[in-house]
Amino acid sequence: MGDVDSSSGSSGSLPKYLEHLSGDGKAIGVLTSGGDAQGMNAAVRAVVRMGIYVGAKVYFIYEGYQGMVDGGSNIVEADWESVSSILQVGGTIIGSARCQAFRSREGRLKAACNLVRLGITNLCVIGGDGSLTGANLFRKEWNGLLEELAKNGEIDKDAVEKHSYLNVVGMVGSIDNDFCGTDMTIGTDSALHRIIEVVDAIMTTAQSHQRTFVLEVMGRHCGYLALVSALACGADWVFLPESPPEEGWEENMCLKLSENRAQKKRLNIIIVAEGAIDTQNKPISSEKIKELVVKQLGFDTRVTILGHVQRGGTPSAFDRILASRMGVEAVVALMEATPQTPACVVSLRGNHAVRLPLMECVQMTQDVQKAMDERRFKDAVQLRGRSFEGNLKTYKRLAVKLPDDKIPKSNCNVAVINVGAPAAGMNAAVRSAVRVGIADGHRMYAVYDGFDGFAKGQVKEIKWGDVGGWTGQGGSILGTKRTLPGKHLEKIAEQMRSHSINALLIIGGFEAFQAAVMMADVRNSHEEFCIPICVLPATISNNVPGTDFSIGADTGLGVIIETCDRIKQSASGTKRRVFIIETMGGYCGYLANMGGLAAGADAAYIFEEPFDIRDLQSNVEHLTEKMKTTIQRGLVLRNESCSVNYTTDFIYQLYSEEGKGVFDCRKNVLGHMQQGGAPSPFDRNFGTKISARAMEWITDKLKGSQGTGKKFVSDDSICVLGISKRDLLFQPVAELRKETDFEHRIPREQWWLKLRPLMKILAKYKASYDVSDAGKLESLGHHQATSQGEPAAI
């Protein structure tokens, strides 16, 4: 498809494109080391293809550092097809091993010899902190190792000159998310998928028998998986290595469990990280917890240890996109490196790819362990980073309700409403809002069936216990409609008066944004709308202005890639077959584009990038060429509204005609499947956290106005809460409406269009990829929150 140069360089300077980087004469070695993680293959694929694209040679180093030391057939040049069909495979196809030999200088000497003979002076290491520390040591010793090799006559003097320095770029592949500096490591999201699948399944059986389940998840030194899965399933209690329970936790936990049973809750879920400890650093095992519950309470209790299931299975959409972005970023970093560049890690902060000094990150990761060993647990939690700290705070607020007489009343009523099409994760957001609101002393009201229901007076008070077990439910329990408040404004105002609503939280898609715009417009004539109003973007289309991500889009992507994986498998069997898949999204190409990146599509047609018959023709030619290789299948995604005339049928017929004798075609419309299903861990967690943050904002606004009868008329009291690059921002709808294309219901500028060239490059097209954002090595502490923003940890 035609290249779009989206010129978005930094402040006035010309954007820097990939074409400026040349890999001529350079060789990159890629290895996976340490424990495996889902998504490593996506990273390997991206490194190989991006490396070849910029003109470098890329070598697989099999079996991690062991292969580097052993050399020979363990170091093999990779070509484009070597990494075909691995995107959807868990684990790592190039193998990983723990290696003793590399820990000795002698082993590193052999490794250096093997690399230098092939001219490999760029290393891309995918692994945990141990693997990355090893790589950095190797980089420091490199010159000395070469001189020693030359002295022993194993390489000639010229080689020492020619290959005088080694560049190292790391990517963190670890399901534990235990590496400081990165919001998410490759594999974490997929591991959460495995855990949540199990929890959802266990909940149904526990419900039947009124059981208590103790679930042990991985994380020897890091409680991230335990914490986020507890947040995502609303567990009753969680045990983490970083934040051990206070003295006397045994009593407290049993009290909490029995209170829950007394409130007619039929099951209890307790989540334990395998490395859980008490304040004296003594281990707390799942068996110990079970015995305690049985002895003290006599509850029927079962233990489930998840073990290596968490490392297995296919990588999630999130991990595939993360790994592909990081892989490309790693190659760019290697191509730009000079002898002075320190080893770096490519990582994600908020939704922003950054480069961080490798050793600073490793040091900080080791500091966490040290803090835990020295029982400085507060420090340990802080060092883990903002994502961990935020999750812990949110979990505590949502899990434990103070007795009513301990909560100071605010005398404010806050209403929550769902608007637009259903999106997975809406219920998690409602639960979180209700509980945070009650904890802040408000009375919470639920509005049923959107603005239709609001006008008809379907407004009821909703209590803490009413939202139990909501996180894992798909769709919208409150009911949602696409109706806008326009025709019902009078009636809605009347309902707001009669229930004296002091603030409104609108959870929904583009309609939620439109509704807020309408309410802002009628504030002069209807004082009922002069209250704080916050919009939480929740739609699979991800087309709400003011945010990079919407609740529900991750689940929608999951459905798309799951289907694409199956279709690719079917196409590989029949050979020479091209599938055309239509995705939802209205005019917004997010699902088609990101689905294409995550499923390894050959093309994705979207409304935001106009295409004509010549582009379709060049795609057909591209696929014809592809059928001559060993990869005899094609996958093309098309957004439902990308073109009035080039419909899915038209494209299908064109491909069928043009591909006659070379390939045949099939088409598939995914439809409403994309809106359904249980929410993904990302959407549960994101919905929970962002909703809690919105309620804090509402509480702050209301606090300032208590008893003054103050009317909220300023723009900053009607906002959309979203993630923008690396900040969490409340943006007034008055500002955002200027940046919105209302006819097509999309923001005028969309961040993911910058990732579009990645999909093309990885599918073997030439494309202009803007790398101006990359390149600056940041220090770990560096996070300048913008004036109105705060760090957004995903």
# chains A, B, ... in the order shown; residues from 1 in each chain; ligands from 1
call {"tool": "residues_around", "arguments": {"residues": "Leu149 of chain A", "least_positions_apart": "6", "cutoff": "9 Å", "atoms": "only C-alpha atoms", "output": "PyMOL selection string"}}
result
chain A and resi 109-110+112-113+155-156+160
call {"tool": "write_last_selection", "arguments": {"atoms": "N, CA and C atoms", "output": "PDB file, in the first residue's frame"}}
result
ATOM      1  N   LEU A 109      35.555 -16.014  26.364  1.00  0.00           N
ATOM      2  CA  LEU A 109      36.612 -15.954  25.346  1.00  0.00           C
ATOM      3  C   LEU A 109      36.180 -16.762  24.115  1.00  0.00           C
ATOM      4  N   LYS A 110      35.668 -17.963  24.367  1.00  0.00           N
ATOM      5  CA  LYS A 110      35.179 -18.806  23.253  1.00  0.00           C
ATOM      6  C   LYS A 110      34.047 -18.098  22.517  1.00  0.00           C
ATOM      7  N   ALA A 112      33.389 -14.899  22.300  1.00  0.00           N
ATOM      8  CA  ALA A 112      33.886 -13.762  21.519  1.00  0.00           C
ATOM      9  C   ALA A 112      34.503 -14.259  20.217  1.00  0.00           C
ATOM     10  N   CYS A 113      35.236 -15.350  20.307  1.00  0.00           N
ATOM     11  CA  CYS A 113      35.890 -15.922  19.128  1.00  0.00           C
ATOM     12  C   CYS A 113      34.847 -16.327  18.081  1.00  0.00           C
ATOM     13  N   ILE A 155      42.624 -15.257  16.186  1.00  0.00           N
ATOM     14  CA  ILE A 155      42.098 -14.330  15.170  1.00  0.00           C
ATOM     15  C   ILE A 155      43.251 -13.424  14.771  1.00  0.00           C
ATOM     16  N   ASP A 156      43.150 -12.768  13.593  1.00  0.00           N
ATOM     17  CA  ASP A 156      44.276 -11.909  13.220  1.00  0.00           C
ATOM     18  C   ASP A 156      44.109 -10.493  13.775  1.00  0.00           C
ATOM     19  N   VAL A 160      40.830  -7.417  15.363  1.00  0.00           N
ATOM     20  CA  VAL A 160      40.743  -6.665  16.616  1.00  0.00           C
ATOM     21  C   VAL A 160      40.393  -5.209  16.313  1.00  0.00           C
TER      22      VAL A 160
END
call {"tool": "residues_around", "arguments": {"residues": "segment 214-218 of chain A", "least_positions_apart": "2", "cutoff": "10 Å", "atoms": "only C-alpha atoms", "output": "number ranges by chain"}}
result
A: 175-176, 191-192, 195, 198-199, 202, 211-212, 220-227, 229, 237-239, 268-276, 285-287, 289-290, 293, 301-311
call {"tool": "atom_distance", "arguments": {"atom1": "atom CA of Ile196 of chain A", "atom2": "atom CA of Val419 of chain A"}}
result
26.7 Å
call {"tool": "atom_distance", "arguments": {"atom1": "atom CA of Cys254 of chain A", "atom2": "atom CA of Phe377 of chain A"}}
result
23.5 Å
call {"tool": "closest_atom_pairs", "arguments": {"of": "segment 172-264 of chain A", "to": "segment 366-371 of chain A", "cutoff": "10 Å", "atoms": "only C-alpha atoms", "output": "tab-separated table"}}
result
residue	atom	partner	partner_atom	distance
A:Asp178	CA	A:Val368	CA	9.5
A:Phe179	CA	A:Gln366	CA	9.2
A:Cys180	CA	A:Val368	CA	8.8
A:His221	CA	A:Gln369	CA	7.2
A:Cys222	CA	A:Gln369	CA	8.9
A:Pro241	CA	A:Gln369	CA	9.6
A:Glu242	CA	A:Val368	CA	8.3
